[in-house]
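K.L.:
To be precise about what I am sending: the file is called target_29.cif and holds mmCIF, C-alpha atoms and all ligand atoms.
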```cif
data_start
#
loop_
_atom_site.label_atom_id
_atom_site.label_comp_id
_atom_site.auth_asym_id
_atom_site.auth_seq_id
_atom_site.Cartn_x
_atom_site.Cartn_y
_atom_site.Cartn_z
CA MET A 1 0.00 0.00 0.00
CA LEU A 2 3.04 2.26 -0.05
CA ALA A 3 3.24 1.84 -3.82
CA GLY A 4 3.01 5.17 -5.58
CA ARG A 5 2.93 7.14 -2.31
CA ARG A 6 5.20 10.14 -1.83
CA ILE A 7 7.10 10.05 1.43
CA VAL A 8 9.31 12.73 2.93
CA LEU A 9 11.72 10.93 5.23
CA GLY A 10 13.26 13.29 7.77
CA ILE A 11 16.46 12.12 9.47
CA THR A 12 17.85 13.80 12.57
CA GLY A 13 21.07 13.60 14.56
CA GLY A 14 21.00 10.39 16.54
CA ILE A 15 22.93 7.12 16.34
CA ALA A 16 19.80 5.40 15.01
CA ALA A 17 20.17 7.43 11.80
CA TYR A 18 22.14 4.50 10.38
CA LYS A 19 18.86 2.54 10.40
CA SER A 20 17.14 5.24 8.34
CA ALA A 21 19.05 4.02 5.30
CA HIS A 22 17.34 0.66 5.71
CA LEU A 23 13.98 2.40 6.19
CA ALA A 24 14.51 4.40 2.98
CA ARG A 25 15.31 1.17 1.17
CA LEU A 26 12.21 -0.59 2.50
CA LEU A 27 9.99 2.29 1.37
CA VAL A 28 11.56 2.41 -2.09
CA GLN A 29 11.25 -1.37 -2.42
CA ALA A 30 7.57 -1.09 -1.52
CA GLY A 31 7.14 1.27 -4.49
CA ALA A 32 7.08 4.60 -2.62
CA GLU A 33 8.78 7.72 -3.93
CA VAL A 34 11.09 8.91 -1.18
CA ARG A 35 12.74 12.29 -0.63
CA THR A 36 15.01 12.59 2.36
CA VAL A 37 15.46 15.75 4.43
CA VAL A 38 18.39 15.65 6.83
CA THR A 39 19.31 17.96 9.66
CA GLU A 40 22.84 19.29 10.01
CA SER A 41 23.48 16.91 12.91
CA ALA A 42 22.12 13.95 10.94
CA LEU A 43 24.91 14.46 8.42
CA ARG A 44 27.35 13.54 11.20
CA PHE A 45 25.73 10.11 11.35
CA ILE A 46 24.78 9.28 7.76
CA GLY A 47 26.26 10.28 4.41
CA PRO A 48 24.29 12.00 1.64
CA ALA A 49 25.71 9.57 -0.94
CA THR A 50 24.02 6.65 0.84
CA LEU A 51 20.64 8.39 0.75
CA SER A 52 21.07 9.52 -2.88
CA GLY A 53 21.99 5.99 -3.85
CA LEU A 54 19.00 4.46 -2.11
CA THR A 55 16.32 6.94 -3.17
CA GLY A 56 17.70 8.26 -6.45
CA VAL A 57 17.45 11.85 -5.18
CA ALA A 58 20.02 13.81 -3.17
CA PRO A 59 18.88 14.57 0.37
CA ALA A 60 17.65 18.09 1.06
CA THR A 61 19.91 19.60 3.67
CA GLY A 62 18.68 23.14 4.24
CA PHE A 63 16.61 26.08 3.02
CA TRP A 64 19.45 27.65 1.14
CA ASP A 65 20.94 24.65 -0.65
CA GLU A 66 17.90 23.78 -2.74
CA PRO A 67 17.21 25.00 -6.28
CA THR A 68 13.62 26.09 -5.54
CA ALA A 69 12.60 29.30 -3.79
CA ALA A 70 10.63 27.68 -0.96
CA PRO A 71 11.77 24.04 -0.60
CA HIS A 72 9.85 23.58 2.66
CA LEU A 73 6.54 24.36 0.96
CA ASP A 74 7.35 22.25 -2.10
CA LEU A 75 8.20 19.21 0.01
CA ALA A 76 5.29 19.79 2.42
CA ARG A 77 2.80 19.85 -0.46
CA TRP A 78 4.44 17.07 -2.41
CA ALA A 79 4.27 14.59 0.49
CA ASP A 80 1.50 12.06 1.03
CA ALA A 81 3.11 11.46 4.42
CA VAL A 82 6.06 12.80 6.39
CA CYS A 83 8.13 10.48 8.55
CA VAL A 84 10.83 11.61 10.97
CA ALA A 85 13.08 8.70 11.95
CA PRO A 86 14.96 8.95 14.13
CA ALA A 87 13.38 11.91 15.89
CA THR A 88 15.84 13.36 18.41
CA ALA A 89 14.74 15.06 21.62
CA ALA A 90 15.78 18.38 20.04
CA THR A 91 13.68 17.82 16.91
CA MET A 92 10.69 16.73 18.99
CA ALA A 93 11.00 19.96 20.95
CA ARG A 94 11.10 22.04 17.77
CA LEU A 95 8.14 20.22 16.23
CA ALA A 96 6.11 20.53 19.43
CA HIS A 97 6.62 24.29 19.43
CA GLY A 98 6.38 25.00 15.72
CA LEU A 99 9.99 26.22 15.64
CA SER A 100 10.60 26.05 11.91
CA GLU A 101 14.21 27.17 11.93
CA ASP A 102 15.52 24.21 9.94
CA LEU A 103 14.16 22.72 6.70
CA LEU A 104 12.76 19.54 8.27
CA SER A 105 10.85 21.37 11.03
CA ALA A 106 9.46 23.80 8.44
CA VAL A 107 8.30 20.91 6.24
CA VAL A 108 6.49 19.32 9.19
CA LEU A 109 4.92 22.65 10.14
CA ALA A 110 3.79 23.36 6.58
CA THR A 111 2.46 19.97 5.58
CA ARG A 112 -1.16 18.88 5.78
CA ALA A 113 -0.16 15.25 5.22
CA PRO A 114 -0.02 12.75 8.09
CA VAL A 115 3.16 12.91 10.18
CA VAL A 116 4.78 9.87 11.80
CA ILE A 117 7.78 10.19 14.11
CA ALA A 118 10.02 7.52 15.59
CA PRO A 119 11.77 8.97 18.67
CA ALA A 120 15.23 7.71 19.60
CA MET A 121 17.29 8.88 22.54
CA HIS A 122 18.79 7.84 25.85
CA SER A 123 16.30 6.78 28.52
CA GLU A 124 17.08 9.82 30.68
CA MET A 125 16.24 12.16 27.78
CA TRP A 126 13.08 10.20 26.93
CA SER A 127 11.76 10.26 30.50
CA HIS A 128 12.64 13.92 31.12
CA PRO A 129 9.55 16.05 31.87
CA SER A 130 10.29 18.37 28.95
CA THR A 131 10.32 15.47 26.47
CA ARG A 132 7.10 14.15 28.05
CA ARG A 133 5.49 17.57 27.55
CA ASN A 134 6.66 17.71 23.93
CA LEU A 135 5.40 14.19 23.32
CA ALA A 136 1.98 15.10 24.73
CA ALA A 137 1.83 18.22 22.54
CA LEU A 138 2.77 16.27 19.41
CA LEU A 139 0.15 13.59 20.11
CA ALA A 140 -2.45 16.32 20.68
CA ASP A 141 -1.49 17.82 17.30
CA GLY A 142 -2.33 14.50 15.63
CA VAL A 143 1.24 13.29 15.08
CA THR A 144 1.61 9.50 15.12
CA VAL A 145 4.42 8.46 17.46
CA VAL A 146 5.83 5.00 16.94
CA GLY A 147 8.01 3.65 19.74
CA PRO A 148 10.48 4.01 21.22
CA ALA A 149 11.28 0.44 22.20
CA SER A 150 13.21 -0.71 25.22
CA GLY A 151 16.55 -2.37 24.62
CA PRO A 152 20.25 -1.76 24.04
CA LEU A 153 21.17 1.91 23.56
CA ALA A 154 24.34 3.59 22.33
CA GLY A 155 27.34 3.51 24.65
CA GLY A 156 26.50 0.12 26.14
CA ASP A 157 23.41 1.35 28.02
CA ALA A 158 19.97 -0.22 27.92
CA GLY A 159 16.40 0.94 28.56
CA PRO A 160 13.52 2.74 26.85
CA GLY A 161 14.54 5.10 24.06
CA ARG A 162 15.67 2.77 21.30
CA MET A 163 14.20 3.54 17.87
CA VAL A 164 11.78 0.84 16.71
CA GLU A 165 12.86 -1.25 13.74
CA PRO A 166 12.40 0.18 10.21
CA GLU A 167 9.77 -2.47 9.38
CA GLU A 168 7.60 -1.21 12.24
CA ILE A 169 8.00 2.39 11.12
CA ALA A 170 7.05 1.47 7.54
CA ALA A 171 3.93 -0.30 8.86
CA ALA A 172 2.96 2.78 10.93
CA LEU A 173 3.42 4.94 7.83
CA GLU A 174 1.21 2.63 5.84
CA ARG A 175 -1.51 2.84 8.50
CA SER A 176 -1.25 6.63 8.60
CA LEU A 177 -1.88 6.66 4.84
CA GLY A 178 -5.19 4.96 5.48
CA ALA A 179 -4.22 1.55 4.14
CA GLY A 180 -7.00 -0.93 4.74
CA THR A 181 -9.68 1.56 5.75
CA LEU A 182 -11.75 0.84 2.61
CA GLU A 183 -11.24 -2.92 2.79
CA GLY A 184 -14.36 -4.68 1.45
CA TRP A 185 -15.60 -1.61 -0.51
CA ARG A 186 -16.32 -1.84 -4.23
CA VAL A 187 -15.77 1.47 -5.90
CA LEU A 188 -16.33 2.91 -9.37
CA VAL A 189 -14.50 6.07 -10.43
CA THR A 190 -14.68 8.00 -13.68
CA ALA A 191 -11.92 10.28 -14.92
CA GLY A 192 -10.64 12.26 -17.87
CA GLY A 193 -12.30 14.32 -20.55
CA THR A 194 -14.38 12.57 -23.19
CA ARG A 195 -13.67 13.14 -26.88
CA GLU A 196 -16.56 13.36 -29.33
CA PRO A 197 -15.54 12.76 -32.94
CA ILE A 198 -16.08 15.36 -35.62
CA ASP A 199 -14.38 13.13 -38.18
CA PRO A 200 -11.83 10.27 -37.83
CA VAL A 201 -9.03 12.68 -36.83
CA ARG A 202 -10.73 15.56 -34.98
CA PHE A 203 -12.83 15.72 -31.88
CA VAL A 204 -14.72 18.04 -29.55
CA GLY A 205 -12.93 17.72 -26.20
CA ASN A 206 -12.19 19.49 -22.95
CA ARG A 207 -9.20 20.33 -20.79
CA SER A 208 -9.57 17.59 -18.17
CA SER A 209 -6.32 15.65 -17.66
CA GLY A 210 -7.84 12.86 -15.58
CA LYS A 211 -5.41 13.57 -12.71
CA MET A 212 -8.09 14.21 -10.08
CA GLY A 213 -10.13 11.11 -10.91
CA HIS A 214 -7.02 8.96 -11.12
CA ALA A 215 -5.92 10.23 -7.70
CA VAL A 216 -9.35 9.31 -6.29
CA ALA A 217 -9.09 5.81 -7.80
CA GLU A 218 -5.49 5.26 -6.70
CA GLU A 219 -6.23 6.46 -3.18
CA ALA A 220 -9.20 4.08 -2.90
CA ALA A 221 -7.05 1.19 -4.15
CA ALA A 222 -4.29 2.12 -1.69
CA ARG A 223 -6.88 2.03 1.11
CA GLY A 224 -7.91 -1.50 0.18
CA ALA A 225 -11.01 -0.97 -1.98
CA VAL A 226 -11.60 -2.96 -5.16
CA VAL A 227 -11.65 -0.22 -7.78
CA THR A 228 -12.99 0.04 -11.30
CA LEU A 229 -11.73 3.12 -13.09
CA VAL A 230 -13.53 4.19 -16.25
CA THR A 231 -11.25 6.76 -17.79
CA ALA A 232 -10.93 8.81 -20.93
CA ALA A 233 -7.23 9.43 -20.17
CA ASP A 234 -4.24 7.07 -20.03
CA PRO A 235 -4.88 5.09 -16.85
CA PRO A 236 -2.36 4.73 -14.02
CA ALA A 237 -1.04 1.29 -13.10
CA ALA A 238 -2.03 0.41 -9.57
CA ARG A 239 -2.82 -2.77 -7.71
CA ARG A 240 -6.49 -3.58 -7.05
CA LEU A 241 -7.47 -1.26 -9.87
CA GLU A 242 -9.19 -2.37 -13.05
CA ALA A 243 -9.00 0.34 -15.68
CA ILE A 244 -11.44 0.60 -18.57
CA ARG A 245 -10.35 3.02 -21.26
CA VAL A 246 -13.14 4.87 -23.05
CA GLU A 247 -13.25 7.71 -25.53
CA THR A 248 -16.75 9.16 -25.82
CA ALA A 249 -19.57 10.06 -23.44
CA GLN A 250 -21.59 7.19 -24.93
CA GLU A 251 -18.82 4.66 -24.17
CA MET A 252 -18.41 6.09 -20.68
CA ALA A 253 -22.15 5.86 -20.03
CA GLU A 254 -22.28 2.24 -21.14
CA ALA A 255 -19.21 1.27 -19.08
CA VAL A 256 -20.55 3.04 -15.98
CA TRP A 257 -24.20 2.04 -16.16
CA SER A 258 -23.39 -1.63 -16.65
CA ARG A 259 -21.24 -1.64 -13.49
CA ALA A 260 -22.71 0.95 -11.11
CA GLY A 261 -25.30 -1.49 -9.77
CA GLU A 262 -22.54 -3.66 -8.32
CA VAL A 263 -20.57 -1.07 -6.38
CA ASP A 264 -20.92 0.61 -2.99
CA VAL A 265 -19.63 4.02 -4.05
CA ALA A 266 -19.42 5.77 -7.43
CA VAL A 267 -17.27 8.88 -7.80
CA MET A 268 -17.93 10.65 -11.08
CA ALA A 269 -14.87 12.84 -11.61
CA ALA A 270 -14.78 12.71 -15.42
CA ALA A 271 -15.48 15.77 -17.51
CA VAL A 272 -18.14 14.32 -19.80
CA ALA A 273 -19.09 16.26 -22.91
CA ASP A 274 -22.65 17.59 -22.75
CA PHE A 275 -22.92 17.78 -26.54
CA ARG A 276 -21.42 15.87 -29.46
CA PRO A 277 -21.44 16.31 -33.21
CA ALA A 278 -24.72 14.78 -34.36
CA GLN A 279 -23.24 13.27 -37.50
CA PRO A 280 -19.48 12.74 -37.38
CA ALA A 281 -18.00 12.52 -40.86
CA SER A 282 -16.74 9.09 -41.89
CA GLY A 283 -13.80 10.58 -43.81
CA LYS A 284 -11.47 13.45 -42.91
CA LEU A 285 -13.07 16.83 -43.54
CA ARG A 286 -11.06 18.78 -46.10
CA ARG A 287 -10.08 22.43 -45.75
CA ALA A 288 -10.95 22.98 -49.41
CA ALA A 289 -14.58 22.08 -48.68
CA GLY A 290 -14.84 25.10 -46.37
CA PRO A 291 -15.91 25.23 -42.70
CA PRO A 292 -18.41 22.49 -41.86
CA ASP A 293 -21.72 23.19 -40.17
CA LEU A 294 -21.25 21.41 -36.85
CA VAL A 295 -24.64 20.37 -35.58
CA LEU A 296 -24.48 19.20 -31.95
CA GLU A 297 -26.77 16.89 -30.03
CA PRO A 298 -26.92 16.08 -26.30
CA THR A 299 -24.87 13.18 -24.93
CA PRO A 300 -26.17 10.71 -22.32
CA ASP A 301 -26.04 12.17 -18.78
CA VAL A 302 -23.81 9.61 -17.05
CA LEU A 303 -24.32 11.03 -13.55
CA ALA A 304 -28.11 11.32 -13.88
CA GLY A 305 -28.25 7.72 -15.10
CA VAL A 306 -26.54 6.48 -11.92
CA ALA A 307 -28.64 8.78 -9.70
CA ALA A 308 -31.81 7.23 -11.17
CA MET A 309 -30.77 3.63 -10.34
CA ARG A 310 -32.59 1.81 -7.54
CA PRO A 311 -30.82 0.70 -5.49
CA ARG A 312 -27.98 2.99 -6.32
CA PRO A 313 -24.44 3.39 -4.94
CA PHE A 314 -23.41 6.26 -2.69
CA LEU A 315 -22.95 8.86 -5.39
CA VAL A 316 -20.30 11.56 -5.55
CA GLY A 317 -20.26 14.03 -8.44
CA PHE A 318 -17.55 16.46 -9.47
CA ALA A 319 -18.56 19.78 -10.96
CA ALA A 320 -16.14 21.99 -12.86
CA GLU A 321 -17.39 25.52 -12.30
CA THR A 322 -16.19 28.79 -13.72
CA GLY A 323 -17.28 30.85 -10.76
CA PRO A 324 -17.91 30.66 -7.03
CA ALA A 325 -18.86 27.28 -5.55
CA GLU A 326 -22.26 28.66 -4.50
CA GLY A 327 -23.29 28.24 -8.15
CA ALA A 328 -22.93 24.47 -7.81
CA VAL A 329 -25.34 24.15 -4.88
CA ALA A 330 -28.41 24.11 -7.13
CA LYS A 331 -26.70 21.47 -9.28
CA ALA A 332 -26.03 19.26 -6.23
CA VAL A 333 -29.68 19.32 -5.27
CA SER A 334 -30.98 18.82 -8.82
CA LYS A 335 -28.58 15.95 -9.64
CA GLY A 336 -29.62 13.96 -6.58
CA VAL A 337 -26.06 13.14 -5.50
CA ASP A 338 -24.93 12.39 -1.95
CA LEU A 339 -21.96 14.69 -2.29
CA LEU A 340 -20.90 17.19 -4.92
CA VAL A 341 -17.28 18.31 -5.22
CA ALA A 342 -17.13 21.69 -6.92
CA ASN A 343 -13.98 23.29 -8.20
CA ASP A 344 -13.54 26.61 -9.91
CA VAL A 345 -11.39 25.70 -12.91
CA THR A 346 -10.54 29.35 -13.57
CA VAL A 347 -8.42 29.60 -10.38
CA ALA A 348 -4.70 29.62 -11.31
CA GLY A 349 -2.75 26.56 -10.14
CA SER A 350 -5.90 24.57 -9.36
CA GLY A 351 -8.18 22.31 -11.41
CA PHE A 352 -7.60 21.10 -14.99
CA GLY A 353 -4.14 19.66 -15.59
CA SER A 354 -2.57 21.05 -12.43
CA GLU A 355 -1.16 19.07 -9.49
CA ASP A 356 -3.34 20.86 -6.94
CA ASN A 357 -7.03 21.37 -6.50
CA GLU A 358 -9.07 23.80 -4.44
CA VAL A 359 -12.51 22.32 -3.94
CA ALA A 360 -15.73 22.92 -2.05
CA LEU A 361 -17.93 20.07 -0.87
CA ILE A 362 -21.67 20.44 -1.16
CA LEU A 363 -23.85 18.15 0.94
CA PRO A 364 -27.42 17.22 -0.10
CA ASP A 365 -28.88 19.77 2.35
CA GLY A 366 -26.94 22.50 0.53
CA THR A 367 -24.24 22.90 3.20
CA LEU A 368 -21.02 24.20 1.66
CA GLU A 369 -17.65 23.10 3.02
CA ARG A 370 -14.61 24.85 1.55
CA TRP A 371 -11.23 23.10 1.50
CA GLU A 372 -7.92 24.86 1.07
CA ARG A 373 -5.79 24.25 -2.03
CA LEU A 374 -4.13 20.83 -1.68
CA PRO A 375 -2.32 18.29 -3.86
CA LYS A 376 -4.89 16.20 -5.72
CA ARG A 377 -3.86 13.00 -3.96
CA ARG A 378 -4.44 14.71 -0.61
CA VAL A 379 -7.87 15.93 -1.78
CA ALA A 380 -8.60 12.31 -2.71
CA ALA A 381 -7.50 11.05 0.73
CA LEU A 382 -9.67 13.57 2.59
CA LEU A 383 -12.56 12.89 0.24
CA TRP A 384 -12.50 9.16 1.06
CA GLU A 385 -12.41 9.98 4.76
CA ARG A 386 -15.46 12.22 4.33
CA ILE A 387 -17.29 9.59 2.25
CA ALA A 388 -16.59 6.93 4.91
CA GLU A 389 -17.93 9.28 7.58
CA LEU A 390 -21.11 10.09 5.62
CA ARG A 391 -21.75 6.43 4.78
CA SER A 392 -21.32 5.41 8.41
CA ARG A 393 -24.07 7.88 9.27
CA GLY A 394 -26.43 5.81 7.16
CA THR A 395 -26.61 7.64 3.82
CA PRO A 396 -26.92 4.85 1.15
C1 LIG B 1 27.28 10.59 19.39
C2 LIG B 1 25.99 11.31 19.59
C3 LIG B 1 24.82 10.62 19.61
C4 LIG B 1 23.59 11.27 19.80
N1 LIG B 1 22.45 10.55 19.81
C5 LIG B 1 21.28 11.17 20.07
C6 LIG B 1 20.06 10.43 20.11
O1 LIG B 1 20.02 9.22 19.89
N2 LIG B 1 18.93 11.10 20.39
C7 LIG B 1 18.91 12.43 20.63
O2 LIG B 1 17.84 12.97 20.90
N3 LIG B 1 20.04 13.15 20.56
C8 LIG B 1 21.24 12.57 20.29
N4 LIG B 1 22.38 13.30 20.24
C9 LIG B 1 22.30 14.75 20.41
C10 LIG B 1 21.84 15.41 19.12
O3 LIG B 1 22.73 15.10 18.07
C11 LIG B 1 21.74 16.92 19.32
O4 LIG B 1 20.74 17.22 20.27
C12 LIG B 1 21.45 17.64 18.02
O5 LIG B 1 21.38 19.03 18.28
C13 LIG B 1 20.15 17.19 17.39
O6 LIG B 1 19.88 17.97 16.27
P1 LIG B 1 18.74 17.62 15.27
O7 LIG B 1 17.55 17.21 16.03
O8 LIG B 1 18.54 18.90 14.51
O9 LIG B 1 19.25 16.57 14.34
C14 LIG B 1 23.59 12.67 20.03
C15 LIG B 1 24.80 13.37 20.00
C16 LIG B 1 25.97 12.70 19.79
C17 LIG B 1 27.25 13.50 19.76
#
```
Taking this structure as input, can you express it in the form of structure tokens?
P.N.:
Amino acid sequence: MLAGRRIVLGITGGIAAYKSAHLARLLVQAGAEVRTVVTESALRFIGPATLSGLTGVAPATGFWDEPTAAPHLDLARWADAVCVAPATAATMARLAHGLSEDLLSAVVLATRAPVVIAPAMHSEMWSHPSTRRNLAALLADGVTVVGPASGPLAGGDAGPGRMVEPEEIAAALERSLGAGTLEGWRVLVTAGGTREPIDPVRFVGNRSSGKMGHAVAEEAAARGAVVTLVTAADPPAARRLEAIRVETAQEMAEAVWSRAGEVDVAVMAAAVADFRPAQPASGKLRRAAGPPDLVLEPTPDVLAGVAAMRPRPFLVGFAAETGPAEGAVAKAVSKGVDLLVANDVTVAGSGFGSEDNEVALILPDGTLERWERLPKRRVAALLWERIAELRSRGTP
């Protein structure tokens, strides 16, 4: 379930840092993309060449050594999860107080992804009241703390404070990413922009890249659901995901309607054409013949077709709007969906083709819930959490 996930691995200045190399390797082997962020002290314990070799990317060492203007924000937004292993007493103190004076602390402060830390220190440091206070603050902030274990420590000592083994940290990371939470769910997701032929070489299309729908499908698969993805874009390769490639609204409707009766949740994130050329030409239209009269006709309404099914799956619709989300409220009510995700595709850096999305959720009673701009995979993760919550309340 770590496959395809983006992990920032923070390494701080403790003896246990030598084990972080093994952790990085485990994550990479499991199919995760790993970027390491090391503190200055960590570099006393582990060499950058080791981390570059294991992850394929040089470790980030500080604010001022990176090519981008704000590396802490880039890494914070890129990550599906942030892991700090080992976490020294000093780093725990900084994280507990939001002291973002080094790159790693700033990444943790700026991220909205789950954070897992694996403390490692001498028993005296671990049991000190200040560390206990910092631990309590971190737990209250929602940080997952794994370990420490009791056992041999550096310098021949023994006791609580030993970093847990990399395998245990990887498992905690996996859990924090929601692995297994959709176990037993059957899910149908649509993605991409349909293409309606004008002639054999030209089509009426739209700007959807399929990234949002693919993120929703991949996230569901990573959480243990059995996923069918009906997509008009090139599908991603992911375990537990069956991809059906379609081109037109008609093909999408047929693929969706024949399967929607067998799933628990359907998320309609595709941008389906509302109109198509009524009579596509069988041969290529020639310039010499002059501009054709394109007569359009309505396409099947894929979402409405699923909404009309009885029984029907829990239904989530996506609406690409070109104005404030309030405009989508009427649509949510009229379409009969359980949840509508509206995004204003005119906002720069959000929506079609971009890595991020800024969405608003509209519930059937018209309640509007605005989310900040987040990476699409993070939007997908939060969306599944919201769907699980709504379904547990007894909506279909
Ligand atoms: C040999 C050696 C081993 C250390 N091991 C640890 C450790 O396991 N845990 C810890 O909290 N600090 C340890 N320290 C102290 C940290 O390196 C020190 O507090 C440092 O400022 C931590 O910085 P960082 O959290 O930014 O990496 C050790 C120091 C030395 C010299």
K.L.:
Could the residues that lie within 10 Å of ligand LIG 1 (chain B), counting all atoms listed in the file, be listed as a ChimeraX atom specification?
P.N.:
/A:10-17,38-45,86-95,101-105,119-123,125-126,131,153-155,161-163
K.L.:
For a cutoff of 9 Å around the file-coordinate point (-0.3, -1.3, -5.1), which residues qualify once you count all atoms listed in the file? I'd like the result as a compact mmCIF listing (two decimals) with C-alpha atoms, in the coordinates of the input.
P.N.:
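Result file follows (point22.txt):
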```txt
# COMPACT_ATOMS: atom_id res chain seq x y z
CA MET A 1 0.00 0.00 0.00
CA LEU A 2 3.04 2.26 -0.05
CA ALA A 3 3.24 1.84 -3.82
CA GLY A 4 3.01 5.17 -5.58
CA ALA A 30 7.57 -1.09 -1.52
CA GLY A 31 7.14 1.27 -4.49
CA GLU A 218 -5.49 5.26 -6.70
CA ALA A 221 -7.05 1.19 -4.15
CA ALA A 222 -4.29 2.12 -1.69
CA ALA A 237 -1.04 1.29 -13.10
CA ALA A 238 -2.03 0.41 -9.57
CA ARG A 239 -2.82 -2.77 -7.71
CA ARG A 240 -6.49 -3.58 -7.05
CA LEU A 241 -7.47 -1.26 -9.87
```
K.L.:
Nearest to Gly366 in chain A: which of A:Ile7, A:Ala179, A:Val341, A:Leu23 is it, counting all atoms listed in the file?
P.N.:
A:Val341
K.L.:
Nearest to His97 in chain A among A:Ala137, A:Leu390, A:Val146, A:Ala70, with distances taken over all atoms listed in the file: which residue is it?
P.N.:
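The answer is A:Ala137, which sits nearest to His97 in chain A.
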K.L.:
Point out the residue among A:Gln250, A:Gly317, A:Val345, A:Ser334 with the least atom-to-atom distance to Leu361 in chain A, counting only C-alpha atoms.
P.N.:
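Among A:Gln250, A:Gly317, A:Val345, A:Ser334, it is A:Gly317 that comes nearest to Leu361 in chain A.
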K.L.:
Determine, counting all atoms listed in the file, which protein, DNA and RNA residues have an atom within 10 Å of an atom of Ala388 in chain A; residues of the same chain fewer than 6 positions away are not included. Present the result as a PyMOL selection string.
P.N.:
chain A and resi 181-182+265+382
K.L.:
Between A:Val201, A:Ala140, A:Leu374, A:Ala253, which is the closest to Val306 in chain A once you count all atoms listed in the file?
P.N.:
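Distance minimum relative to Val306 in chain A lands on A:Ala253.
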K.L.:
Which polymer residues, protein or nucleic acid, are no farther than 10 Å from (-20.8, 5.0, 3.2), counting all atoms listed in the file, as a list of chain:residue names?
P.N.:
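Those residues lying close to the given coordinates are A:Leu182, A:Trp185, A:Asp264, A:Val265, A:Pro313, A:Phe314, A:Leu315, A:Asp338, A:Trp384, A:Glu385, A:Arg386, A:Ile387, A:Ala388, A:Glu389, A:Leu390, A:Arg391, A:Ser392, A:Arg393, A:Gly394, A:Thr395, A:Pro396.
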K.L.:
Just to be explicit: take each residue in the selection above, keep C-alpha atoms, and write the result as an mmCIF file, keeping the file's coordinate frame.
P.N.:
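Contents of again.cif, as written:
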```cif
data_model
loop_
_atom_site.group_PDB
_atom_site.id
_atom_site.type_symbol
_atom_site.label_atom_id
_atom_site.label_comp_id
_atom_site.auth_asym_id
_atom_site.auth_seq_id
_atom_site.Cartn_x
_atom_site.Cartn_y
_atom_site.Cartn_z
ATOM 1 C CA LEU A 182 -11.750 0.840 2.610
ATOM 2 C CA TRP A 185 -15.600 -1.610 -0.510
ATOM 3 C CA ASP A 264 -20.920 0.610 -2.990
ATOM 4 C CA VAL A 265 -19.630 4.020 -4.050
ATOM 5 C CA PRO A 313 -24.440 3.390 -4.940
ATOM 6 C CA PHE A 314 -23.410 6.260 -2.690
ATOM 7 C CA LEU A 315 -22.950 8.860 -5.390
ATOM 8 C CA ASP A 338 -24.930 12.390 -1.950
ATOM 9 C CA TRP A 384 -12.500 9.160 1.060
ATOM 10 C CA GLU A 385 -12.410 9.980 4.760
ATOM 11 C CA ARG A 386 -15.460 12.220 4.330
ATOM 12 C CA ILE A 387 -17.290 9.590 2.250
ATOM 13 C CA ALA A 388 -16.590 6.930 4.910
ATOM 14 C CA GLU A 389 -17.930 9.280 7.580
ATOM 15 C CA LEU A 390 -21.110 10.090 5.620
ATOM 16 C CA ARG A 391 -21.750 6.430 4.780
ATOM 17 C CA SER A 392 -21.320 5.410 8.410
ATOM 18 C CA ARG A 393 -24.070 7.880 9.270
ATOM 19 C CA GLY A 394 -26.430 5.810 7.160
ATOM 20 C CA THR A 395 -26.610 7.640 3.820
ATOM 21 C CA PRO A 396 -26.920 4.850 1.150
#
```
K.L.:
Take CA of Arg6 in chain A and CA of Ala215 in chain A and report the distance between them in Å, one decimal.
P.N.:
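Distance between the two atoms: 12.6 Å.
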K.L.:
From the list A:Val216, A:Ala136, A:Val379, A:Ala273, which residue is nearest Val187 in chain A when using only C-alpha atoms?
P.N.:
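For Val187 in chain A, the nearest of the candidates is A:Val216.
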K.L.:
Using only C-alpha atoms, which of the listed residues (A:Arg259, A:Arg276, A:Arg377, A:Arg77) sits closest to Val204 in chain A?
P.N.:
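Ranking A:Arg259, A:Arg276, A:Arg377, A:Arg77 by distance to Val204 in chain A, first place goes to A:Arg276.
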K.L.:
In Å, rounded to a single decimal, give me how far CA of Ala171 in chain A is from CA of Leu383 in chain A.
P.N.:
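Between these atoms lies a distance of 22.8 Å.
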K.L.:
Please, what distance in Å, to one decimal, runs between CA of Glu297 in chain A and CA of Thr322 in chain A?
P.N.:
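Going from CA of Glu297 in chain A over to CA of Thr322 in chain A, I get 22.8 Å.
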K.L.:
Could you list, as a list in words, every residue within 7 Å of range 47-58 of chain A, counting all atoms listed in the file and ignoring same-chain residues fewer than 5 positions away?
P.N.:
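Final neighbour list, sorted by chain and number: Ala21, Ala24, Arg25, Val28, Val34 and Arg35 of chain A.
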K.L.:
Go ahead and save the picked residues with C-alpha atoms, as a PDB file, keeping the file's coordinate frame.
P.N.:
```pdb
ATOM      1  CA  ALA A  21      19.050   4.020   5.300  1.00  0.00           C
ATOM      2  CA  ALA A  24      14.510   4.400   2.980  1.00  0.00           C
ATOM      3  CA  ARG A  25      15.310   1.170   1.170  1.00  0.00           C
ATOM      4  CA  VAL A  28      11.560   2.410  -2.090  1.00  0.00           C
ATOM      5  CA  VAL A  34      11.090   8.910  -1.180  1.00  0.00           C
ATOM      6  CA  ARG A  35      12.740  12.290  -0.630  1.00  0.00           C
TER       7      ARG A  35
END
```
K.L.:
List the neighbours of Ser282 in chain A out to 9 Å using all atoms listed in the file; skip same-chain residues closer than 3 positions along the sequence, and give me the result as a list in words.
P.N.:
Ile198, Asp199, Pro200, Gln279 and Leu285 of chain A
